[in-house]
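Source file coords_37.pdb; content: PDB, C-alpha atoms.
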```pdb
ATOM      1  CA  MET A   1     -24.404  17.649   2.284
ATOM      2  CA  ASP A   2     -23.943  14.002   1.225
ATOM      3  CA  THR A   3     -20.180  14.456   1.440
ATOM      4  CA  ASN A   4     -20.597  14.786   5.229
ATOM      5  CA  LEU A   5     -22.736  11.651   5.598
ATOM      6  CA  LYS A   6     -19.771   9.372   6.280
ATOM      7  CA  LYS A   7     -18.603  11.756   9.014
ATOM      8  CA  SER A   8     -22.069  11.717  10.605
ATOM      9  CA  ILE A   9     -22.199   7.910  10.481
ATOM     10  CA  THR A  10     -18.787   7.865  12.143
ATOM     11  CA  ASN A  11     -20.148  10.200  14.826
ATOM     12  CA  VAL A  12     -23.023   7.796  15.481
ATOM     13  CA  SER A  13     -20.546   4.945  15.827
ATOM     14  CA  VAL A  14     -18.486   6.950  18.332
ATOM     15  CA  VAL A  15     -21.617   7.696  20.398
ATOM     16  CA  VAL A  16     -22.538   3.982  20.452
ATOM     17  CA  PHE A  17     -19.048   3.052  21.626
ATOM     18  CA  ILE A  18     -19.252   5.745  24.326
ATOM     19  CA  VAL A  19     -22.539   4.326  25.651
ATOM     20  CA  LEU A  20     -21.181   0.754  25.654
ATOM     21  CA  LEU A  21     -17.954   1.884  27.320
ATOM     22  CA  PHE A  22     -19.726   3.847  30.050
ATOM     23  CA  LYS A  23     -22.063   0.912  30.691
ATOM     24  CA  SER A  24     -19.127  -1.470  31.039
ATOM     25  CA  VAL A  25     -17.176   0.845  33.335
ATOM     26  CA  ILE A  26     -20.028   1.615  35.714
ATOM     27  CA  ARG A  27     -21.536  -1.897  35.742
ATOM     28  CA  ILE A  28     -18.939  -3.374  38.137
ATOM     29  CA  PRO A  29     -19.159  -0.826  41.004
ATOM     30  CA  THR A  30     -22.950  -0.615  40.601
ATOM     31  CA  TYR A  31     -23.322  -4.396  40.747
ATOM     32  CA  PHE A  32     -21.054  -4.535  43.815
ATOM     33  CA  LEU A  33     -22.903  -1.798  45.736
ATOM     34  CA  TYR A  34     -26.288  -3.155  44.654
ATOM     35  CA  ASN A  35     -25.526  -6.579  46.113
ATOM     36  CA  ILE A  36     -24.211  -5.052  49.363
ATOM     37  CA  VAL A  37     -27.493  -3.181  49.785
ATOM     38  CA  ARG A  38     -29.511  -6.336  49.039
ATOM     39  CA  ILE A  39     -27.443  -8.408  51.489
ATOM     40  CA  ILE A  40     -27.950  -5.790  54.216
ATOM     41  CA  GLY A  41     -31.670  -5.921  53.542
ATOM     42  CA  GLU A  42     -31.703  -9.711  53.793
ATOM     43  CA  LEU A  43     -29.717  -9.777  57.041
ATOM     44  CA  SER A  44     -31.638  -6.978  58.699
ATOM     45  CA  HIS A  45     -35.068  -7.918  57.298
ATOM     46  CA  ILE A  46     -35.689  -4.327  56.187
ATOM     47  CA  TRP A  47     -36.395  -5.282  52.570
ATOM     48  CA  LEU A  48     -38.498  -2.246  51.775
ATOM     49  CA  ILE A  49     -35.728   0.236  52.642
ATOM     50  CA  ALA A  50     -33.045  -1.960  51.024
ATOM     51  CA  ASP A  51     -35.106  -2.284  47.847
ATOM     52  CA  PHE A  52     -35.601   1.482  47.733
ATOM     53  CA  PHE A  53     -31.870   2.208  47.930
ATOM     54  CA  ALA A  54     -31.025  -0.613  45.487
ATOM     55  CA  ILE A  55     -33.501   0.685  42.912
ATOM     56  CA  CYS A  56     -32.298   4.276  43.327
ATOM     57  CA  LEU A  57     -28.672   3.136  42.984
ATOM     58  CA  THR A  58     -29.437   1.242  39.778
ATOM     59  CA  PHE A  59     -31.123   4.172  38.099
ATOM     60  CA  LEU A  60     -28.613   6.697  39.403
ATOM     61  CA  SER A  61     -25.855   4.761  37.612
ATOM     62  CA  TYR A  62     -28.045   4.505  34.501
ATOM     63  CA  SER A  63     -28.690   8.256  34.598
ATOM     64  CA  ILE A  64     -24.960   8.983  34.847
ATOM     65  CA  VAL A  65     -24.212   6.762  31.834
ATOM     66  CA  MET A  66     -26.966   8.184  29.648
ATOM     67  CA  GLY A  67     -26.576  11.773  30.822
ATOM     68  CA  LEU A  68     -22.872  11.825  29.985
ATOM     69  CA  SER A  69     -23.565  10.049  26.678
ATOM     70  CA  ILE A  70     -26.133  12.671  25.675
ATOM     71  CA  LEU A  71     -23.790  15.500  26.661
ATOM     72  CA  LEU A  72     -20.900  14.076  24.630
ATOM     73  CA  ALA A  73     -23.202  13.279  21.697
ATOM     74  CA  THR A  74     -24.377  16.914  21.517
ATOM     75  CA  LEU A  75     -20.737  18.036  21.488
ATOM     76  CA  ILE A  76     -19.800  15.497  18.800
ATOM     77  CA  PHE A  77     -22.648  16.343  16.415
ATOM     78  CA  GLN A  78     -22.691  20.093  17.156
ATOM     79  CA  THR A  79     -26.306  20.329  16.014
ATOM     80  CA  PRO A  80     -28.364  23.219  17.493
ATOM     81  CA  LYS A  81     -30.234  22.151  20.642
ATOM     82  CA  GLU A  82     -33.558  23.394  19.310
ATOM     83  CA  VAL A  83     -33.135  20.933  16.422
ATOM     84  CA  ILE A  84     -32.024  17.818  18.304
ATOM     85  CA  PHE A  85     -34.478  18.237  21.197
ATOM     86  CA  PRO A  86     -37.868  19.039  19.617
ATOM     87  CA  PHE A  87     -40.396  19.341  22.441
ATOM     88  CA  ASN A  88     -43.245  20.901  20.487
ATOM     89  CA  LYS A  89     -46.707  20.100  21.796
ATOM     90  CA  PRO A  90     -48.235  17.603  19.336
ATOM     91  CA  ASN A  91     -51.887  17.230  18.410
ATOM     92  CA  THR A  92     -53.711  15.515  21.302
ATOM     93  CA  GLU A  93     -55.701  13.107  19.122
ATOM     94  CA  PHE A  94     -52.582  12.257  17.108
ATOM     95  CA  THR A  95     -50.676  11.505  20.305
ATOM     96  CA  LEU A  96     -53.444   9.340  21.791
ATOM     97  CA  LEU A  97     -53.897   7.181  18.688
ATOM     98  CA  SER A  98     -50.215   6.906  17.781
ATOM     99  CA  VAL A  99     -49.154   6.060  21.342
ATOM    100  CA  THR A 100     -51.887   3.417  21.651
ATOM    101  CA  HIS A 101     -50.790   1.853  18.366
ATOM    102  CA  THR A 102     -47.086   1.992  19.232
ATOM    103  CA  VAL A 103     -47.519   0.380  22.665
ATOM    104  CA  SER A 104     -49.717  -2.341  21.165
ATOM    105  CA  ILE A 105     -47.140  -3.089  18.477
ATOM    106  CA  GLY A 106     -44.487  -3.244  21.205
ATOM    107  CA  PHE A 107     -46.298  -6.071  22.993
ATOM    108  CA  ILE A 108     -46.898  -7.919  19.716
ATOM    109  CA  LEU A 109     -43.238  -7.552  18.716
ATOM    110  CA  ASN A 110     -42.214  -8.821  22.151
ATOM    111  CA  LEU A 111     -44.380 -11.903  21.588
ATOM    112  CA  ALA A 112     -42.738 -12.444  18.192
ATOM    113  CA  ILE A 113     -39.276 -12.301  19.809
ATOM    114  CA  MET A 114     -40.413 -14.830  22.431
ATOM    115  CA  VAL A 115     -41.569 -17.177  19.676
ATOM    116  CA  ILE A 116     -38.250 -16.800  17.834
ATOM    117  CA  MET A 117     -36.349 -17.572  21.042
ATOM    118  CA  LEU A 118     -38.550 -20.626  21.569
ATOM    119  CA  LEU A 119     -37.736 -21.856  18.059
ATOM    120  CA  PHE A 120     -34.022 -21.397  18.731
ATOM    121  CA  GLY A 121     -34.521 -23.339  21.962
ATOM    122  CA  LEU A 122     -35.942 -26.271  20.021
ATOM    123  CA  ILE A 123     -32.605 -26.614  18.184
ATOM    124  CA  GLY A 124     -30.597 -26.325  21.388
ATOM    125  CA  VAL A 125     -29.818 -22.589  21.349
ATOM    126  CA  ASN A 126     -30.935 -20.727  24.458
ATOM    127  CA  PHE A 127     -29.834 -17.101  24.493
ATOM    128  CA  LYS A 128     -28.450 -15.991  27.830
ATOM    129  CA  LEU A 129     -30.455 -12.993  28.946
ATOM    130  CA  GLY A 130     -29.777 -10.738  31.879
ATOM    131  CA  ARG A 131     -31.686 -12.222  34.797
ATOM    132  CA  PRO A 132     -34.638  -9.961  35.623
ATOM    133  CA  ILE A 133     -34.903  -8.622  39.158
ATOM    134  CA  PHE A 134     -38.233  -9.422  40.771
ATOM    135  CA  TYR A 135     -39.309  -7.541  43.892
ATOM    136  CA  HIS A 136     -41.612  -9.102  46.451
ATOM    137  CA  ASN A 137     -43.595  -6.164  47.801
ATOM    138  CA  ILE A 138     -45.969  -3.765  46.082
ATOM    139  CA  PRO A 139     -44.098  -0.483  46.871
ATOM    140  CA  SER A 140     -40.818  -1.868  45.435
ATOM    141  CA  ILE A 141     -42.601  -3.265  42.382
ATOM    142  CA  LEU A 142     -44.300   0.072  41.698
ATOM    143  CA  LEU A 143     -41.136   2.130  42.256
ATOM    144  CA  ASN A 144     -39.050  -0.127  40.014
ATOM    145  CA  ALA A 145     -41.681  -0.111  37.255
ATOM    146  CA  LEU A 146     -42.015   3.681  37.550
ATOM    147  CA  PHE A 147     -38.257   4.223  37.230
ATOM    148  CA  ILE A 148     -37.972   1.731  34.346
ATOM    149  CA  GLY A 149     -40.731   3.693  32.661
ATOM    150  CA  ILE A 150     -39.447   7.215  33.307
ATOM    151  CA  PHE A 151     -35.658   7.085  32.937
ATOM    152  CA  PRO A 152     -35.304   5.232  29.584
ATOM    153  CA  ALA A 153     -38.257   7.173  28.166
ATOM    154  CA  ILE A 154     -36.404  10.432  28.807
ATOM    155  CA  PHE A 155     -32.744   9.563  28.250
ATOM    156  CA  GLU A 156     -33.044   7.068  25.385
ATOM    157  CA  GLU A 157     -35.492   9.209  23.442
ATOM    158  CA  MET A 158     -33.284  12.285  23.863
ATOM    159  CA  LEU A 159     -30.207  10.403  22.644
ATOM    160  CA  PHE A 160     -31.523   8.173  19.861
ATOM    161  CA  ARG A 161     -34.636  10.009  18.617
ATOM    162  CA  GLY A 162     -33.176  13.357  19.612
ATOM    163  CA  VAL A 163     -29.460  13.828  18.946
ATOM    164  CA  ILE A 164     -28.867  10.963  16.494
ATOM    165  CA  LEU A 165     -32.147  10.949  14.547
ATOM    166  CA  GLN A 166     -32.432  14.718  14.174
ATOM    167  CA  SER A 167     -28.766  15.165  13.230
ATOM    168  CA  LEU A 168     -29.098  12.643  10.380
ATOM    169  CA  ARG A 169     -32.367  13.948   8.933
ATOM    170  CA  GLN A 170     -30.483  16.466   6.794
ATOM    171  CA  TYR A 171     -29.479  13.550   4.555
ATOM    172  CA  SER A 172     -32.648  11.458   4.527
ATOM    173  CA  ASN A 173     -35.420  10.540   6.913
ATOM    174  CA  ASN A 174     -34.970   6.910   5.880
ATOM    175  CA  ILE A 175     -31.252   6.984   6.697
ATOM    176  CA  ALA A 176     -31.956   8.736   9.994
ATOM    177  CA  VAL A 177     -34.582   6.167  11.005
ATOM    178  CA  PHE A 178     -32.451   3.156  10.056
ATOM    179  CA  VAL A 179     -29.195   4.341  11.649
ATOM    180  CA  SER A 180     -30.810   5.624  14.864
ATOM    181  CA  ALA A 181     -32.692   2.320  15.262
ATOM    182  CA  LEU A 182     -29.473   0.362  14.673
ATOM    183  CA  ALA A 183     -27.646   2.447  17.283
ATOM    184  CA  PHE A 184     -30.538   1.927  19.715
ATOM    185  CA  ALA A 185     -30.373  -1.839  19.125
ATOM    186  CA  LEU A 186     -26.624  -2.098  19.593
ATOM    187  CA  CYS A 187     -26.741  -0.312  22.941
ATOM    188  CA  HIS A 188     -28.840  -3.148  24.366
ATOM    189  CA  ASN A 189     -27.144  -6.100  25.967
ATOM    190  CA  ASN A 190     -27.975  -9.133  23.864
ATOM    191  CA  PHE A 191     -29.264 -10.327  20.513
ATOM    192  CA  PRO A 192     -32.988 -10.862  21.345
ATOM    193  CA  GLN A 193     -33.215  -7.464  23.039
ATOM    194  CA  ALA A 194     -31.308  -5.886  20.151
ATOM    195  CA  ILE A 195     -33.817  -7.232  17.612
ATOM    196  CA  PHE A 196     -36.713  -5.912  19.689
ATOM    197  CA  ALA A 197     -34.977  -2.546  20.167
ATOM    198  CA  PHE A 198     -34.298  -2.244  16.428
ATOM    199  CA  GLY A 199     -37.965  -2.795  15.594
ATOM    200  CA  MET A 200     -39.204  -0.392  18.260
ATOM    201  CA  GLY A 201     -36.430   2.063  17.342
ATOM    202  CA  ILE A 202     -37.854   2.317  13.829
ATOM    203  CA  ILE A 203     -41.386   2.875  15.132
ATOM    204  CA  PHE A 204     -40.279   5.467  17.720
ATOM    205  CA  ALA A 205     -38.240   7.291  15.065
ATOM    206  CA  VAL A 206     -41.108   7.425  12.565
ATOM    207  CA  LEU A 207     -43.447   8.589  15.327
ATOM    208  CA  THR A 208     -41.008  11.379  16.232
ATOM    209  CA  ILE A 209     -40.737  12.525  12.607
ATOM    210  CA  ARG A 210     -44.502  12.342  12.080
ATOM    211  CA  SER A 211     -45.266  14.377  15.204
ATOM    212  CA  GLY A 212     -42.297  16.753  14.998
ATOM    213  CA  SER A 213     -41.779  16.161  18.719
ATOM    214  CA  LEU A 214     -40.120  13.763  21.159
ATOM    215  CA  ILE A 215     -43.170  13.820  23.424
ATOM    216  CA  PRO A 216     -45.268  11.030  21.753
ATOM    217  CA  SER A 217     -42.339   8.602  21.597
ATOM    218  CA  MET A 218     -41.462   9.408  25.225
ATOM    219  CA  ILE A 219     -45.039   8.701  26.314
ATOM    220  CA  ALA A 220     -45.190   5.449  24.321
ATOM    221  CA  HIS A 221     -41.784   4.370  25.641
ATOM    222  CA  PHE A 222     -42.857   5.077  29.225
ATOM    223  CA  ILE A 223     -46.184   3.241  28.973
ATOM    224  CA  TYR A 224     -44.634   0.159  27.380
ATOM    225  CA  ASN A 225     -41.740  -0.097  29.860
ATOM    226  CA  PHE A 226     -43.893   0.647  32.909
ATOM    227  CA  SER A 227     -46.728  -1.725  32.043
ATOM    228  CA  GLY A 228     -44.394  -4.502  30.872
ATOM    229  CA  GLU A 229     -42.299  -4.380  34.056
ATOM    230  CA  LEU A 230     -45.370  -4.149  36.272
ATOM    231  CA  ILE A 231     -47.060  -7.125  34.615
ATOM    232  CA  SER A 232     -43.842  -9.170  34.747
ATOM    233  CA  ASN A 233     -43.270  -8.585  38.478
ATOM    234  CA  ILE A 234     -46.878  -9.132  39.490
ATOM    235  CA  SER A 235     -47.086 -12.301  37.377
ATOM    236  CA  ASN A 236     -43.970 -13.811  38.947
ATOM    237  CA  ASN A 237     -44.930 -12.963  42.529
ATOM    238  CA  PHE A 238     -48.682 -13.151  42.901
ATOM    239  CA  ILE A 239     -50.089 -15.324  40.089
ATOM    240  CA  ASN A 240     -49.794 -19.072  39.501
ATOM    241  CA  LEU A 241     -48.561 -20.557  36.226
ATOM    242  CA  SER A 242     -51.960 -21.342  34.699
ATOM    243  CA  SER A 243     -53.210 -17.850  35.512
ATOM    244  CA  ILE A 244     -50.068 -16.338  33.956
ATOM    245  CA  MET A 245     -50.793 -18.176  30.709
ATOM    246  CA  LEU A 246     -54.384 -16.891  30.688
ATOM    247  CA  LEU A 247     -53.167 -13.378  31.505
ATOM    248  CA  ASN A 248     -50.671 -13.465  28.621
ATOM    249  CA  ILE A 249     -53.335 -14.686  26.197
ATOM    250  CA  PHE A 250     -55.636 -11.866  27.302
ATOM    251  CA  ILE A 251     -52.866  -9.245  27.039
ATOM    252  CA  TYR A 252     -51.675 -10.241  23.566
ATOM    253  CA  LEU A 253     -55.196 -10.596  22.163
ATOM    254  CA  SER A 254     -56.106  -7.191  23.600
ATOM    255  CA  MET A 255     -52.949  -5.612  22.195
ATOM    256  CA  SER A 256     -53.681  -7.082  18.760
ATOM    257  CA  LEU A 257     -57.163  -5.555  18.795
ATOM    258  CA  PHE A 258     -55.795  -2.212  20.041
ATOM    259  CA  ALA A 259     -53.179  -2.253  17.271
ATOM    260  CA  VAL A 260     -55.756  -2.862  14.528
ATOM    261  CA  PHE A 261     -58.373  -0.381  15.733
ATOM    262  CA  SER A 262     -55.908   2.380  16.613
ATOM    263  CA  TYR A 263     -54.233   1.967  13.207
ATOM    264  CA  LYS A 264     -57.564   2.255  11.368
ATOM    265  CA  LEU A 265     -58.594   5.315  13.360
ATOM    266  CA  PHE A 266     -55.171   6.898  12.879
ATOM    267  CA  LYS A 267     -55.143   6.176   9.138
ATOM    268  CA  ASN A 268     -58.614   7.675   8.640
ATOM    269  CA  LYS A 269     -57.621  10.828  10.493
ATOM    270  CA  PHE A 270     -53.912  11.338   9.699
ATOM    271  CA  GLY A 271     -52.921   8.834   6.989
ATOM    272  CA  SER A 272     -50.741   5.768   7.421
ATOM    273  CA  VAL A 273     -48.603   5.606  10.561
ATOM    274  CA  TYR A 274     -45.551   4.382   8.664
ATOM    275  CA  TRP A 275     -44.804   7.109   6.139
ATOM    276  CA  TYR A 276     -44.010  10.809   6.200
ATOM    277  CA  PRO A 277     -46.864  12.913   4.765
ATOM    278  CA  ASN A 278     -46.098  16.393   3.500
ATOM    279  CA  LEU A 279     -42.383  15.583   3.390
ATOM    280  CA  LYS A 280     -40.674  15.266   0.027
ATOM    281  CA  GLU A 281     -38.738  12.144   0.920
ATOM    282  CA  GLN A 282     -36.154  11.124  -1.659
ATOM    283  CA  PRO A 283     -35.038   7.481  -1.940
ATOM    284  CA  ILE A 284     -31.621   6.637  -0.547
ATOM    285  CA  THR A 285     -29.102   7.063  -3.350
ATOM    286  CA  ASN A 286     -26.305   4.662  -4.262
ATOM    287  CA  PHE A 287     -23.810   7.309  -3.180
ATOM    288  CA  GLN A 288     -25.429   7.501   0.250
ATOM    289  CA  PHE A 289     -25.307   3.713   0.611
ATOM    290  CA  LYS A 290     -21.640   3.794  -0.301
ATOM    291  CA  GLU A 291     -20.954   6.547   2.234
ATOM    292  CA  MET A 292     -22.741   4.587   4.965
ATOM    293  CA  PHE A 293     -21.139   1.218   4.334
ATOM    294  CA  THR A 294     -17.598   2.465   3.782
ATOM    295  CA  SER A 295     -17.389   4.117   7.192
ATOM    296  CA  ILE A 296     -14.999   1.944   9.208
ATOM    297  CA  PRO A 297     -16.694   2.639  12.589
ATOM    298  CA  PHE A 298     -20.082   1.843  11.015
ATOM    299  CA  ILE A 299     -18.721  -1.452   9.706
ATOM    300  CA  MET A 300     -17.473  -2.115  13.227
ATOM    301  CA  ILE A 301     -21.035  -1.627  14.501
ATOM    302  CA  ILE A 302     -22.249  -4.277  12.049
ATOM    303  CA  VAL A 303     -19.464  -6.607  13.158
ATOM    304  CA  VAL A 304     -20.410  -6.098  16.810
ATOM    305  CA  CYS A 305     -24.051  -6.921  15.964
ATOM    306  CA  ILE A 306     -22.927 -10.156  14.319
ATOM    307  CA  PHE A 307     -20.667 -10.891  17.301
ATOM    308  CA  LEU A 308     -23.594 -10.424  19.712
ATOM    309  CA  PHE A 309     -25.617 -12.940  17.728
ATOM    310  CA  LEU A 310     -22.805 -15.491  17.540
ATOM    311  CA  GLN A 311     -22.004 -15.000  21.224
ATOM    312  CA  GLY A 312     -25.605 -15.686  22.108
ATOM    313  CA  VAL A 313     -25.635 -18.788  19.935
ATOM    314  CA  VAL A 314     -22.391 -20.181  21.408
ATOM    315  CA  ILE A 315     -23.445 -19.492  25.011
ATOM    316  CA  GLY A 316     -26.866 -20.966  24.292
ATOM    317  CA  VAL A 317     -25.384 -24.169  22.868
ATOM    318  CA  LEU A 318     -22.846 -24.582  25.678
TER     319      LEU A 318
END
```

Starting from the file, lay out its structure as structure tokens.
Amino acid sequence: MDTNLKKSITNVSVVVFIVLLFKSVIRIPTYFLYNIVRIIGELSHIWLIADFFAICLTFLSYSIVMGLSILLATLIFQTPKEVIFPFNKPNTEFTLLSVTHTVSIGFILNLAIMVIMLLFGLIGVNFKLGRPIFYHNIPSILLNALFIGIFPAIFEEMLFRGVILQSLRQYSNNIAVFVSALAFALCHNNFPQAIFAFGMGIIFAVLTIRSGSLIPSMIAHFIYNFSGELISNISNNFINLSSIMLLNIFIYLSMSLFAVFSYKLFKNKFGSVYWYPNLKEQPITNFQFKEMFTSIPFIMIIVVCIFLFLQGVVIGVL
């Protein structure tokens, strides 16, 4: 089966390029229509209705991109659907503890990325991030947070922890985790988000393998996205700066405690979160490394990752 590893890595690269291409193609008309809707809302003072249509438009375009990407990915890999979309019902206690730990780690990792960006800022490099959209009324804030929670949790888990991860597990769980996390990272828009996505991609992938189901990673993905977006919007609209700082301190301290306690409880009940029990996992062989890093499309992925970093540095300096 190793002889097909390079072909599978090439398939992953093609899927990544498809996602990036679809995002680029649909971004322009979506951005244009989105701004028309927002302008109409501003002129007519019907912000609630305008926000509703703008949010729906945004996630409709996202659904088209990811839906088509998943469809093409299933055709490219030709892996049985029952393999790439495992929706077995996991153990309830396992799901509760693992999801709590994963969400907590997500907040801590986000804090680490913020610190790294701050350090870059001290040397004059400020990465240009996509400007977040903040809504000014509770219904719009809730709807946006709900959609940001639901849609990525479904589509991204099906593509990266479904099609890509499951199709690569025939070679090695370690290879599958690494490559699926790298693909997940590359499909984000900038270097800081890519680093965060790579870290969370590894955790989501391990969680999927441990549980034998996409459900725990979907739940964790939803909770993190929903709560993060909700906190961000509420903080920027209804809380002053000093209160925001206190809120952040409370959140990150709480998440640290949740991460420690949930990990200890999980380890006592199920073993360590970060390894695969009852699976005879073989180390990645030299041949497998060679197959991975001699795939031209895979090398192109690495080059694009480096380009994203350098682009962020140059833009930040200028």

Starting from the PyMOL selection byres ((chain A and resi 101-103) around 7), expand the selection into actual residues of this file and give them as a compact mmCIF listing (two decimals) with C-alpha atoms, in the coordinates of the input.
```
# COMPACT_ATOMS: atom_id res chain seq x y z
CA LEU A 97 -53.90 7.18 18.69
CA SER A 98 -50.22 6.91 17.78
CA VAL A 99 -49.15 6.06 21.34
CA THR A 100 -51.89 3.42 21.65
CA SER A 104 -49.72 -2.34 21.16
CA ILE A 105 -47.14 -3.09 18.48
CA GLY A 106 -44.49 -3.24 21.20
CA PHE A 107 -46.30 -6.07 22.99
CA ALA A 220 -45.19 5.45 24.32
CA TYR A 224 -44.63 0.16 27.38
CA PHE A 258 -55.80 -2.21 20.04
CA ALA A 259 -53.18 -2.25 17.27
CA SER A 262 -55.91 2.38 16.61
CA TYR A 263 -54.23 1.97 13.21
```

Write out as a PyMOL selection string the residues lying within 12 Å of region 36-38 of chain A, counting all atoms listed in the file and excluding same-chain residues fewer than 6 positions away. chain A and resi 29-30+44-58+133+135

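Nearest residue to Gly67 (chain A) among A:Val260, A:Lys89, A:Gly199, A:Glu157 is A:Glu157, counting all atoms listed in the file.
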
Every residue with an atom at most 8 Å from (-23.6, 14.9, 15.8) (file coordinates; all atoms listed in the file) is what I'm after, so could you write them as a PyMOL selection string? chain A and resi 8+11-12+73-79+163-164+167

Residue subset to file, keeping C-alpha atoms, as a CSV table (one decimal), keeping the file's coordinate frame:
```
chain,number,residue,atom,x,y,z
A,8,SER,CA,-22.1,11.7,10.6
A,11,ASN,CA,-20.1,10.2,14.8
A,12,VAL,CA,-23.0,7.8,15.5
A,73,ALA,CA,-23.2,13.3,21.7
A,74,THR,CA,-24.4,16.9,21.5
A,75,LEU,CA,-20.7,18.0,21.5
A,76,ILE,CA,-19.8,15.5,18.8
A,77,PHE,CA,-22.6,16.3,16.4
A,78,GLN,CA,-22.7,20.1,17.2
A,79,THR,CA,-26.3,20.3,16.0
A,163,VAL,CA,-29.5,13.8,18.9
A,164,ILE,CA,-28.9,11.0,16.5
A,167,SER,CA,-28.8,15.2,13.2
```

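Candidate residues A:Tyr31, A:Phe191, A:Thr285, A:Ile234 were compared for distance to Ile138 (chain A), and the nearest is A:Ile234, using all atoms listed in the file.
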
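Taking CA of Leu111 (chain A) as the reference point, CA of Val273 (chain A) is found at 21.1 Å.
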
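Between CA of Pro192 (chain A) and CA of Phe293 (chain A) the interatomic distance comes to 24.0 Å.
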
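Using only C-alpha atoms, the shortest contact distance between Phe59 (chain A) and any of A:Phe22, A:Phe151, A:Phe270, A:Phe298 is found at A:Phe151.
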
Between A:Leu214, A:Ala153, A:Ile299, A:Cys187, smallest distance to Leu20 (chain A) by only C-alpha atoms belongs to A:Cys187

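Between Met218 (chain A) and the candidates A:Ser243, A:Thr10, A:Thr95, A:Asn35, the tightest atom-to-atom separation, counting only C-alpha atoms, involves A:Thr95.
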
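Going from CA of Ser63 (chain A) to CA of Gly201 (chain A) covers 19.9 Å.
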